[in-house]
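Raw contents of protein_21.cif, mmCIF, C-alpha atoms and all ligand atoms:
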data_my_file
#
loop_
_atom_site.group_PDB
_atom_site.id
_atom_site.type_symbol
_atom_site.label_atom_id
_atom_site.label_comp_id
_atom_site.auth_asym_id
_atom_site.auth_seq_id
_atom_site.Cartn_x
_atom_site.Cartn_y
_atom_site.Cartn_z
ATOM 1 C CA VAL A 1 10.426 -28.218 14.685
ATOM 2 C CA ARG A 2 7.206 -26.502 13.659
ATOM 3 C CA VAL A 3 6.561 -25.684 10.008
ATOM 4 C CA GLY A 4 4.577 -22.758 8.593
ATOM 5 C CA VAL A 5 3.666 -22.219 4.955
ATOM 6 C CA ASP A 6 2.360 -18.866 3.677
ATOM 7 C CA ILE A 7 0.700 -19.334 0.290
ATOM 8 C CA GLY A 8 0.672 -15.940 -1.427
ATOM 9 C CA GLY A 9 -0.590 -14.818 -4.821
ATOM 10 C CA THR A 10 2.840 -15.168 -6.455
ATOM 11 C CA LYS A 11 5.190 -16.711 -3.867
ATOM 12 C CA THR A 12 4.893 -19.445 -1.260
ATOM 13 C CA HIS A 13 7.092 -18.791 1.775
ATOM 14 C CA ALA A 14 7.854 -21.639 4.176
ATOM 15 C CA VAL A 15 9.652 -21.537 7.531
ATOM 16 C CA ALA A 16 10.800 -24.052 10.120
ATOM 17 C CA LEU A 17 10.826 -22.848 13.754
ATOM 18 C CA ASP A 18 12.730 -24.383 16.634
ATOM 19 C CA GLU A 19 11.154 -24.951 20.054
ATOM 20 C CA THR A 20 11.859 -21.331 21.068
ATOM 21 C CA GLY A 21 9.997 -20.000 18.002
ATOM 22 C CA ARG A 22 13.176 -18.945 16.181
ATOM 23 C CA ILE A 23 13.389 -19.374 12.387
ATOM 24 C CA VAL A 24 15.932 -22.104 11.626
ATOM 25 C CA GLN A 25 15.186 -22.641 7.915
ATOM 26 C CA GLN A 26 13.163 -20.776 5.301
ATOM 27 C CA LEU A 27 12.567 -20.827 1.578
ATOM 28 C CA ARG A 28 10.438 -19.275 -1.147
ATOM 29 C CA LEU A 29 9.072 -20.749 -4.350
ATOM 30 C CA PRO A 30 6.498 -19.710 -6.954
ATOM 31 C CA THR A 31 2.871 -20.558 -6.086
ATOM 32 C CA GLY A 32 1.234 -21.028 -9.482
ATOM 33 C CA PHE A 33 -2.503 -20.711 -10.140
ATOM 34 C CA GLY A 34 -5.384 -23.091 -9.436
ATOM 35 C CA PRO A 35 -5.943 -25.912 -6.918
ATOM 36 C CA GLU A 36 -3.344 -28.373 -8.273
ATOM 37 C CA ALA A 37 -0.604 -25.731 -8.516
ATOM 38 C CA VAL A 38 -1.325 -24.422 -4.993
ATOM 39 C CA LEU A 39 -1.329 -27.930 -3.476
ATOM 40 C CA ALA A 40 1.866 -28.820 -5.339
ATOM 41 C CA ALA A 41 3.624 -25.648 -4.108
ATOM 42 C CA ALA A 42 2.646 -26.373 -0.487
ATOM 43 C CA VAL A 43 3.815 -29.999 -0.722
ATOM 44 C CA ARG A 44 7.074 -28.997 -2.462
ATOM 45 C CA SER A 45 7.848 -26.414 0.224
ATOM 46 C CA VAL A 46 7.275 -28.931 3.049
ATOM 47 C CA ASP A 47 9.360 -31.523 1.177
ATOM 48 C CA ALA A 48 12.145 -28.960 0.803
ATOM 49 C CA LEU A 49 12.061 -28.274 4.565
ATOM 50 C CA THR A 50 12.336 -32.004 5.302
ATOM 51 C CA GLY A 51 15.523 -31.931 3.221
ATOM 52 C CA LEU A 52 16.905 -28.793 4.896
ATOM 53 C CA THR A 53 16.121 -29.939 8.441
ATOM 54 C CA GLY A 54 16.893 -33.643 7.875
ATOM 55 C CA LEU A 55 13.510 -34.508 9.458
ATOM 56 C CA ALA A 56 10.700 -36.506 7.845
ATOM 57 C CA ALA A 57 7.343 -34.647 7.723
ATOM 58 C CA GLU A 58 5.881 -36.898 10.439
ATOM 59 C CA ARG A 59 8.734 -35.776 12.725
ATOM 60 C CA PHE A 60 7.587 -32.139 12.512
ATOM 61 C CA GLU A 61 5.629 -31.195 15.608
ATOM 62 C CA SER A 62 3.060 -29.400 13.475
ATOM 63 C CA ILE A 63 2.373 -27.897 10.074
ATOM 64 C CA GLY A 64 0.267 -24.775 9.575
ATOM 65 C CA VAL A 65 -0.738 -23.048 6.362
ATOM 66 C CA GLY A 66 -1.761 -19.418 5.808
ATOM 67 C CA VAL A 67 -3.805 -18.702 2.697
ATOM 68 C CA PRO A 68 -5.860 -15.758 1.397
ATOM 69 C CA GLY A 69 -9.627 -16.051 1.104
ATOM 70 C CA ALA A 70 -12.347 -17.215 3.457
ATOM 71 C CA VAL A 71 -10.956 -20.024 5.612
ATOM 72 C CA ASP A 72 -12.876 -22.405 7.844
ATOM 73 C CA HIS A 73 -10.073 -22.954 10.337
ATOM 74 C CA ALA A 74 -11.849 -25.967 11.882
ATOM 75 C CA THR A 75 -12.024 -27.943 8.610
ATOM 76 C CA GLY A 76 -9.245 -26.328 6.555
ATOM 77 C CA ARG A 77 -11.648 -25.482 3.744
ATOM 78 C CA VAL A 78 -10.797 -22.409 1.641
ATOM 79 C CA THR A 79 -13.276 -20.468 -0.493
ATOM 80 C CA HIS A 80 -13.080 -17.306 -2.627
ATOM 81 C CA ALA A 81 -9.271 -17.152 -2.840
ATOM 82 C CA VAL A 82 -9.529 -15.311 -6.157
ATOM 83 C CA ASN A 83 -5.802 -14.474 -6.458
ATOM 84 C CA LEU A 84 -4.927 -18.160 -6.235
ATOM 85 C CA GLY A 85 -7.708 -19.427 -8.506
ATOM 86 C CA LEU A 86 -9.330 -21.294 -5.603
ATOM 87 C CA ASP A 87 -13.098 -21.201 -5.631
ATOM 88 C CA ASP A 88 -13.680 -23.945 -3.060
ATOM 89 C CA LEU A 89 -10.925 -26.310 -1.891
ATOM 90 C CA ASP A 90 -10.557 -28.629 1.110
ATOM 91 C CA LEU A 91 -6.946 -27.496 1.453
ATOM 92 C CA GLY A 92 -6.357 -29.005 4.893
ATOM 93 C CA THR A 93 -7.778 -32.422 3.984
ATOM 94 C CA GLU A 94 -5.937 -32.534 0.635
ATOM 95 C CA LEU A 95 -2.612 -31.623 2.219
ATOM 96 C CA GLU A 96 -3.064 -34.139 5.030
ATOM 97 C CA ALA A 97 -3.695 -36.844 2.393
ATOM 98 C CA ARG A 98 -0.517 -35.897 0.512
ATOM 99 C CA LEU A 99 1.763 -35.281 3.505
ATOM 100 C CA GLY A 100 0.410 -37.913 5.886
ATOM 101 C CA VAL A 101 0.308 -35.494 8.837
ATOM 102 C CA LEU A 102 -2.200 -33.112 10.448
ATOM 103 C CA VAL A 103 -2.297 -29.671 8.793
ATOM 104 C CA ARG A 104 -3.945 -26.530 10.225
ATOM 105 C CA VAL A 105 -5.161 -23.852 7.827
ATOM 106 C CA GLU A 106 -5.705 -20.188 8.678
ATOM 107 C CA ASN A 107 -6.505 -16.998 6.769
ATOM 108 C CA ASP A 108 -3.204 -15.333 5.819
ATOM 109 C CA VAL A 109 -3.955 -12.006 7.521
ATOM 110 C CA ASN A 110 -4.824 -13.795 10.765
ATOM 111 C CA ALA A 111 -1.637 -15.853 10.424
ATOM 112 C CA ALA A 112 0.416 -12.686 9.874
ATOM 113 C CA ALA A 113 -1.264 -11.090 12.893
ATOM 114 C CA PHE A 114 -0.274 -14.022 15.063
ATOM 115 C CA GLY A 115 3.269 -14.084 13.669
ATOM 116 C CA SER A 116 3.673 -10.344 14.267
ATOM 117 C CA PHE A 117 2.401 -10.723 17.813
ATOM 118 C CA HIS A 118 4.944 -13.473 18.405
ATOM 119 C CA ARG A 119 7.722 -11.146 17.198
ATOM 120 C CA LEU A 120 6.567 -7.813 18.657
ATOM 121 C CA GLY A 121 3.981 -8.583 21.328
ATOM 122 C CA SER A 122 6.057 -10.711 23.657
ATOM 123 C CA PRO A 123 9.620 -9.491 23.125
ATOM 124 C CA ALA A 124 10.815 -11.089 26.345
ATOM 125 C CA GLY A 125 9.823 -14.455 24.887
ATOM 126 C CA GLN A 126 7.156 -14.987 27.522
ATOM 127 C CA PRO A 127 3.475 -15.858 27.058
ATOM 128 C CA SER A 128 1.724 -12.516 26.763
ATOM 129 C CA ASP A 129 -1.808 -11.347 27.457
ATOM 130 C CA ARG A 130 -1.348 -8.070 25.581
ATOM 131 C CA SER A 131 -3.629 -7.131 22.684
ATOM 132 C CA MET A 132 -2.612 -6.132 19.194
ATOM 133 C CA ALA A 133 -4.172 -5.302 15.842
ATOM 134 C CA TYR A 134 -2.305 -6.170 12.666
ATOM 135 C CA LEU A 135 -3.144 -3.836 9.767
ATOM 136 C CA ASN A 136 -2.381 -5.542 6.472
ATOM 137 C CA LEU A 137 -1.693 -3.146 3.586
ATOM 138 C CA GLY A 138 -1.432 -5.388 0.558
ATOM 139 C CA THR A 139 -3.477 -5.375 -2.634
ATOM 140 C CA GLY A 140 -6.394 -4.813 -0.274
ATOM 141 C CA LEU A 141 -6.723 -3.651 3.335
ATOM 142 C CA ALA A 142 -7.706 -5.882 6.254
ATOM 143 C CA ALA A 143 -6.799 -6.336 9.892
ATOM 144 C CA GLY A 144 -6.204 -9.309 12.176
ATOM 145 C CA LEU A 145 -6.823 -9.118 15.916
ATOM 146 C CA VAL A 146 -4.892 -10.763 18.730
ATOM 147 C CA LEU A 147 -6.760 -10.077 21.985
ATOM 148 C CA LYS A 148 -5.129 -11.041 25.282
ATOM 149 C CA GLY A 149 -2.703 -13.240 23.391
ATOM 150 C CA GLU A 150 -5.365 -15.083 21.392
ATOM 151 C CA LEU A 151 -6.453 -14.763 17.798
ATOM 152 C CA TRP A 152 -9.946 -13.269 17.579
ATOM 153 C CA ARG A 153 -11.743 -14.266 14.369
ATOM 154 C CA GLY A 154 -15.238 -13.020 15.290
ATOM 155 C CA SER A 155 -18.521 -14.921 15.172
ATOM 156 C CA ARG A 156 -18.413 -15.350 11.372
ATOM 157 C CA GLY A 157 -14.731 -14.831 10.653
ATOM 158 C CA ALA A 158 -15.243 -11.193 9.647
ATOM 159 C CA ALA A 159 -13.490 -9.537 12.604
ATOM 160 C CA GLY A 160 -11.008 -6.967 11.333
ATOM 161 C CA GLU A 161 -12.503 -6.618 7.830
ATOM 162 C CA ILE A 162 -12.219 -2.849 8.197
ATOM 163 C CA GLY A 163 -11.225 -2.417 4.536
ATOM 164 C CA HIS A 164 -14.953 -2.538 3.779
ATOM 165 C CA ILE A 165 -15.957 0.278 6.085
ATOM 166 C CA PRO A 166 -17.178 2.983 3.678
ATOM 167 C CA VAL A 167 -15.391 6.293 4.307
ATOM 168 C CA ASP A 168 -16.337 8.285 1.192
ATOM 169 C CA PRO A 169 -19.992 8.269 0.055
ATOM 170 C CA HIS A 170 -18.864 9.660 -3.327
ATOM 171 C CA GLY A 171 -15.928 7.278 -3.733
ATOM 172 C CA PRO A 172 -15.544 4.528 -6.341
ATOM 173 C CA VAL A 173 -17.604 1.321 -6.127
ATOM 174 C CA CYS A 174 -15.761 -1.459 -4.297
ATOM 175 C CA SER A 175 -15.656 -5.144 -5.290
ATOM 176 C CA CYS A 176 -17.845 -5.787 -2.206
ATOM 177 C CA GLY A 177 -20.676 -3.737 -3.742
ATOM 178 C CA GLN A 178 -20.435 -0.749 -1.410
ATOM 179 C CA ARG A 179 -19.077 2.668 -2.376
ATOM 180 C CA GLY A 180 -15.964 4.442 -1.107
ATOM 181 C CA CYS A 181 -14.635 1.638 1.129
ATOM 182 C CA LEU A 182 -11.440 2.308 3.116
ATOM 183 C CA GLU A 183 -9.730 -0.314 0.944
ATOM 184 C CA MET A 184 -10.402 1.870 -2.117
ATOM 185 C CA MET A 185 -8.395 4.672 -0.425
ATOM 186 C CA ALA A 186 -5.521 2.898 1.332
ATOM 187 C CA SER A 187 -4.150 -0.219 -0.350
ATOM 188 C CA GLY A 188 -1.940 -1.393 -3.190
ATOM 189 C CA SER A 189 -4.909 -1.395 -5.558
ATOM 190 C CA ALA A 190 -5.850 2.144 -4.462
ATOM 191 C CA VAL A 191 -2.327 3.344 -5.318
ATOM 192 C CA ALA A 192 -2.400 1.444 -8.643
ATOM 193 C CA ARG A 193 -5.633 3.226 -9.574
ATOM 194 C CA GLN A 194 -4.366 6.706 -8.650
ATOM 195 C CA TRP A 195 -0.684 6.332 -9.600
ATOM 196 C CA PRO A 196 -0.444 4.000 -12.615
ATOM 197 C CA THR A 197 3.134 2.782 -13.173
ATOM 198 C CA SER A 198 5.118 -0.219 -14.404
ATOM 199 C CA HIS A 199 7.581 0.136 -11.491
ATOM 200 C CA PRO A 200 7.977 -3.203 -9.621
ATOM 201 C CA ARG A 201 7.389 -1.412 -6.274
ATOM 202 C CA PRO A 202 4.769 1.259 -7.090
ATOM 203 C CA VAL A 203 4.433 2.701 -3.576
ATOM 204 C CA GLU A 204 8.181 3.154 -3.271
ATOM 205 C CA GLU A 205 8.165 5.054 -6.579
ATOM 206 C CA LEU A 206 5.180 7.091 -5.354
ATOM 207 C CA PHE A 207 7.049 8.165 -2.191
ATOM 208 C CA GLU A 208 10.158 9.037 -4.235
ATOM 209 C CA ALA A 209 8.113 11.124 -6.678
ATOM 210 C CA ALA A 210 6.372 12.872 -3.788
ATOM 211 C CA ALA A 211 9.711 13.613 -2.123
ATOM 212 C CA ALA A 212 10.847 15.143 -5.448
ATOM 213 C CA GLY A 213 7.794 17.436 -5.397
ATOM 214 C CA ASN A 214 5.537 15.787 -8.004
ATOM 215 C CA VAL A 215 2.084 17.318 -7.353
ATOM 216 C CA LEU A 216 0.031 14.217 -8.202
ATOM 217 C CA ALA A 217 2.354 12.002 -6.142
ATOM 218 C CA LEU A 218 2.028 14.357 -3.149
ATOM 219 C CA GLU A 219 -1.768 14.164 -3.364
ATOM 220 C CA VAL A 220 -1.886 10.371 -3.754
ATOM 221 C CA ARG A 221 0.598 9.917 -0.887
ATOM 222 C CA ARG A 222 -1.403 12.284 1.336
ATOM 223 C CA SER A 223 -4.606 10.316 0.695
ATOM 224 C CA LEU A 224 -2.855 6.981 1.286
ATOM 225 C CA VAL A 225 -1.202 8.036 4.546
ATOM 226 C CA GLU A 226 -4.310 9.787 5.944
ATOM 227 C CA ASN A 227 -6.440 6.721 5.278
ATOM 228 C CA VAL A 228 -3.864 4.381 6.817
ATOM 229 C CA ALA A 229 -3.911 6.628 9.886
ATOM 230 C CA ALA A 230 -7.723 6.475 9.801
ATOM 231 C CA ALA A 231 -7.517 2.665 9.824
ATOM 232 C CA VAL A 232 -5.247 2.797 12.883
ATOM 233 C CA ARG A 233 -7.742 5.105 14.602
ATOM 234 C CA VAL A 234 -10.659 2.765 13.766
ATOM 235 C CA LEU A 235 -8.791 -0.200 15.262
ATOM 236 C CA VAL A 236 -7.887 1.578 18.504
ATOM 237 C CA LEU A 237 -11.318 3.148 18.935
ATOM 238 C CA THR A 238 -13.020 -0.225 18.330
ATOM 239 C CA VAL A 239 -10.953 -2.627 20.417
ATOM 240 C CA ASP A 240 -8.446 -0.342 22.212
ATOM 241 C CA VAL A 241 -5.594 -2.757 21.559
ATOM 242 C CA ASP A 242 -2.247 -2.011 23.197
ATOM 243 C CA PHE A 243 -0.655 -1.415 19.813
ATOM 244 C CA VAL A 244 -1.207 -1.598 16.049
ATOM 245 C CA VAL A 245 1.356 -3.183 13.726
ATOM 246 C CA ILE A 246 1.357 -2.304 10.023
ATOM 247 C CA GLY A 247 2.312 -5.134 7.674
ATOM 248 C CA GLY A 248 1.720 -6.320 4.125
ATOM 249 C CA GLY A 249 3.505 -5.339 0.904
ATOM 250 C CA ILE A 250 3.243 -1.560 1.457
ATOM 251 C CA SER A 251 4.839 -1.882 4.908
ATOM 252 C CA SER A 252 8.157 -2.746 3.240
ATOM 253 C CA LEU A 253 8.523 1.056 2.888
ATOM 254 C CA GLY A 254 9.365 0.864 6.584
ATOM 255 C CA GLU A 255 10.344 4.017 8.462
ATOM 256 C CA PRO A 256 9.164 6.646 5.884
ATOM 257 C CA LEU A 257 5.644 5.149 5.985
ATOM 258 C CA LEU A 258 5.616 4.892 9.767
ATOM 259 C CA ALA A 259 6.870 8.477 10.177
ATOM 260 C CA ALA A 260 4.204 9.802 7.788
ATOM 261 C CA VAL A 261 1.390 7.913 9.559
ATOM 262 C CA ARG A 262 2.618 9.099 12.969
ATOM 263 C CA ALA A 263 2.699 12.693 11.703
ATOM 264 C CA VAL A 264 -0.965 12.484 10.646
ATOM 265 C CA LEU A 265 -1.969 10.932 13.989
ATOM 266 C CA ALA A 266 -0.043 13.672 15.821
ATOM 267 C CA SER A 267 -1.811 16.380 13.784
ATOM 268 C CA TRP A 268 -5.195 14.931 14.786
ATOM 269 C CA ALA A 269 -4.093 14.787 18.420
ATOM 270 C CA ALA A 270 -3.194 18.473 18.249
ATOM 271 C CA GLU A 271 -6.854 19.243 17.442
ATOM 272 C CA SER A 272 -8.502 16.691 19.752
ATOM 273 C CA PRO A 273 -7.725 16.323 23.445
ATOM 274 C CA PHE A 274 -9.587 13.001 23.317
ATOM 275 C CA LEU A 275 -7.340 11.588 20.578
ATOM 276 C CA ALA A 276 -4.296 13.120 22.277
ATOM 277 C CA SER A 277 -5.146 11.178 25.429
ATOM 278 C CA LEU A 278 -4.976 7.924 23.422
ATOM 279 C CA GLU A 279 -1.328 8.525 22.375
ATOM 280 C CA LEU A 280 -1.872 6.963 18.960
ATOM 281 C CA PRO A 281 1.544 7.823 17.420
ATOM 282 C CA GLU A 282 3.331 5.911 20.187
ATOM 283 C CA ARG A 283 1.130 2.840 19.681
ATOM 284 C CA VAL A 284 1.913 2.231 15.989
ATOM 285 C CA ALA A 285 4.740 0.061 14.627
ATOM 286 C CA VAL A 286 5.649 -1.668 11.367
ATOM 287 C CA VAL A 287 6.570 -5.305 10.847
ATOM 288 C CA PRO A 288 10.383 -5.514 10.568
ATOM 289 C CA VAL A 289 11.288 -5.553 6.854
ATOM 290 C CA GLY A 290 11.810 -9.125 5.661
ATOM 291 C CA PHE A 291 10.128 -10.792 8.666
ATOM 292 C CA PRO A 292 7.869 -13.571 7.263
ATOM 293 C CA ALA A 293 4.986 -12.837 9.646
ATOM 294 C CA ALA A 294 2.344 -15.030 7.963
ATOM 295 C CA ALA A 295 4.604 -18.084 7.668
ATOM 296 C CA VAL A 296 5.737 -17.773 11.309
ATOM 297 C CA GLY A 297 2.140 -17.273 12.447
ATOM 298 C CA ALA A 298 0.990 -20.300 10.425
ATOM 299 C CA ALA A 299 3.655 -22.424 12.132
ATOM 300 C CA LEU A 300 2.527 -21.264 15.585
ATOM 301 C CA ILE A 301 -1.179 -21.711 14.797
ATOM 302 C CA GLY A 302 -0.403 -25.178 13.460
ATOM 303 C CA ALA A 303 1.189 -25.918 16.795
ATOM 304 C CA LEU A 304 -1.793 -24.756 18.751
ATOM 305 C CA GLY A 305 -4.814 -25.894 16.810
ATOM 306 C CA SER A 306 -7.992 -23.870 16.569
ATOM 307 C CA GLY A 307 -7.733 -22.267 20.001
ATOM 308 C CA ALA A 308 -4.634 -20.315 19.100
ATOM 309 C CA THR A 309 -2.840 -18.853 22.092
ATOM 310 C CA MET A 310 0.687 -17.872 22.931
ATOM 311 C CA SER A 311 0.792 -19.858 26.147
ATOM 312 C CA GLY A 312 3.439 -22.509 26.127
ATOM 313 C CA VAL A 313 4.772 -21.703 22.666
ATOM 314 C CA ARG A 314 8.117 -20.351 23.755
HETATM 315 ZN ZN ZN B 1 -15.738 -2.828 0.057
#

Please render this file's structure as structure tokens.
Ligand SMILES: [Zn+2]
Amino acid sequence: VRVGVDIGGTKTHAVALDETGRIVQQLRLPTGFGPEAVLAAAVRSVDALTGLTGLAAERFESIGVGVPGAVDHATGRVTHAVNLGLDDLDLGTELEARLGVLVRVENDVNAAAFGSFHRLGSPAGQPSDRSMAYLNLGTGLAAGLVLKGELWRGSRGAAGEIGHIPVDPHGPVCSCGQRGCLEMMASGSAVARQWPTSHPRPVEELFEAAAAGNVLALEVRRSLVENVAAAVRVLVLTVDVDFVVIGGGISSLGEPLLAAVRAVLASWAAESPFLASLELPERVAVVPVGFPAAAVGAALIGALGSGATMSGVR
């Protein structure tokens, strides 16, 4: 049994996978804020899985953790995880001390990329050398890359940070200091800025209002969908991956989001023989609703150490 823990801003999601990579147990609990709360949530979720599986933690083959922020995957150190109140924490070392077993730590978007690849990239359950980009549409926008079956982090861990590619020189100033970043156009925070609401699922409400003909909703949805399509185009034109998978909170919209993004890509193809030749609409998918991609990916990365690869997982 391999265990993966996805520490999110509000919820911590933990899974136990069997030797074929199938989810055999999973649970969610609140994360809390600050180093002690985050460590306690991770330990509690692993403890709960020992109870559910009847295995002591040292009997787990591996434990991996996905967490937002800048992660040194070699040491397990996490910095700048603002949503969790973590400025600088040796998460891997602290968890190993508390659990008594080796723990691998990975950035949550990279973990979700690897988990999505496991689910969608090798459907026959075989080691795969295909390539995939995972486009995470959460509060922000970022991508994770799996190239020839292996996670690609880049030379400084910044591979896939396409949310900070400026696309509008007159756009609002981004938290990164630049102006008009893609993340300011296509993300949960972008929708919150343009479509303020107290609805628990703002993007769902936005799509409903647009479908009912609300003029502002139509405009905000158009901007969101066009910029998501632009992110897909950036990913294919940069690394020419076999396919792009959309995940993150906004992807829970599922088919309506995918259909809208495909329609934009098709409209661009109609005007550009070059883009048409790339068959972008056919190369986009969404993470199946409810699939805990980051937790599954964390479990698989935990199994494989720093040189994450699909070989021999399944
Ligand atoms: Zn930015």

Exercise. Evaluating the PyMOL selection byres (((chain A and resi 157-164) around 10) and not hetatm) on the displayed file yields which residues, as a PyMOL selection string?
Worked result: chain A and resi 70-73+107+109-110+133-137+140-145+152-156+165-167+174-187+231+234-235+238

Exercise. In Å, with one decimal, what is the gap from atom CA of Gly171 of chain A to atom CA of Leu218 of chain A?
Worked result: 19.3 Å

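With all atoms listed in the file as the atoms that count, the minimum distance from Arg98 of chain A to the choices A:Arg262, A:Arg283, A:Arg2, A:Arg44 is reached by A:Arg44.
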
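The nearest approach to ligand ZN 1 (chain B) among the residues A:Leu86, A:Val173, A:Ala14, A:Val103, with only C-alpha atoms and all ligand atoms taken into account, belongs to A:Val173.
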
Problem set entry | Of the listed residues A:Ala190, A:Leu280, A:Leu258, A:Ala112, that which approaches ligand ZN 1 (chain B) most closely, counting only C-alpha atoms and all ligand atoms | A:Ala190

Exercise. Applied to the shown file, which residues does the PyMOL selection byres (((chain A and resi 100) around 12) and not hetatm) return, written as a VMD selection string?
Worked result: chain A and resid 43 46 to 47 56 to 60 62 to 63 92 to 99 101 to 103

Seminar exercise, completed: In Å and to one decimal, atom CA of Leu55 of chain A is distant from atom CA of Ile301 of chain A by 20.2 Å

Exercise. Could you tell me, as a VMD selection string, which residues have any atom at most 12 Å from (4.9, 0.1, -6.9), counting all atoms listed in the file?
Worked result: chain A and resid 138 to 139 187 to 209 249 to 253

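Note that atom CA of Pro281 of chain A and atom CA of Ser267 of chain A are 9.9 Å apart.
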
For this session: Might you pull out every residue within 8 Å of Leu29 of chain A, with all atoms listed in the file counted and same-chain residues fewer than 5 positions away left off, and present them as number ranges by chain?
Result: A: 11-13, 41, 45

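Using all atoms listed in the file, the nearest neighbour of ligand ZN 1 (chain B) within the list A:Gly213, A:Gly248, A:Pro169, A:Pro292 is A:Pro169.
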
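In this comparison, which uses all atoms listed in the file, the residue of A:Ala285, A:Leu89, A:Val65, A:Val241 approaching Ala229 of chain A most closely is A:Ala285.
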
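Ranking A:Val239, A:Ala210, A:Ala260, A:Val1 by their shortest atom-to-atom distance to Glu226 of chain A, with all atoms listed in the file included, puts A:Ala260 first.
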
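Here, the PyMOL selection byres (((chain A and resi 6) around 9) and not hetatm) matches A:Gly4, A:Val5, A:Ile7, A:Gly8, A:Lys11, A:Thr12, A:His13, A:Ala14, A:Val15, A:Ala42, A:Gly64, A:Val65, A:Gly66, A:Val67, A:Asp108, A:Ala111, A:Ala112, A:Pro292, A:Ala293, A:Ala294, A:Ala295, A:Val296, A:Gly297, A:Ala298.
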
Exercise. Could you pull the residues within 10 Å of Leu52 of chain A, counting all atoms listed in the file, minus those fewer than 4 positions along the same chain, as a list in words?
Worked result: Ala16, Val24, Gln25, Gln26, Leu27, Val46, Asp47 and Ala48 of chain A

Using C-alpha atoms, can you write the selected residues to a file as a PDB file, in the frame of the given file?
ATOM      1  CA  ALA A  16      10.800 -24.052  10.120  1.00  0.00           C
ATOM      2  CA  VAL A  24      15.932 -22.104  11.626  1.00  0.00           C
ATOM      3  CA  GLN A  25      15.186 -22.641   7.915  1.00  0.00           C
ATOM      4  CA  GLN A  26      13.163 -20.776   5.301  1.00  0.00           C
ATOM      5  CA  LEU A  27      12.567 -20.827   1.578  1.00  0.00           C
ATOM      6  CA  VAL A  46       7.275 -28.931   3.049  1.00  0.00           C
ATOM      7  CA  ASP A  47       9.360 -31.523   1.177  1.00  0.00           C
ATOM      8  CA  ALA A  48      12.145 -28.960   0.803  1.00  0.00           C
TER       9      ALA A  48
END
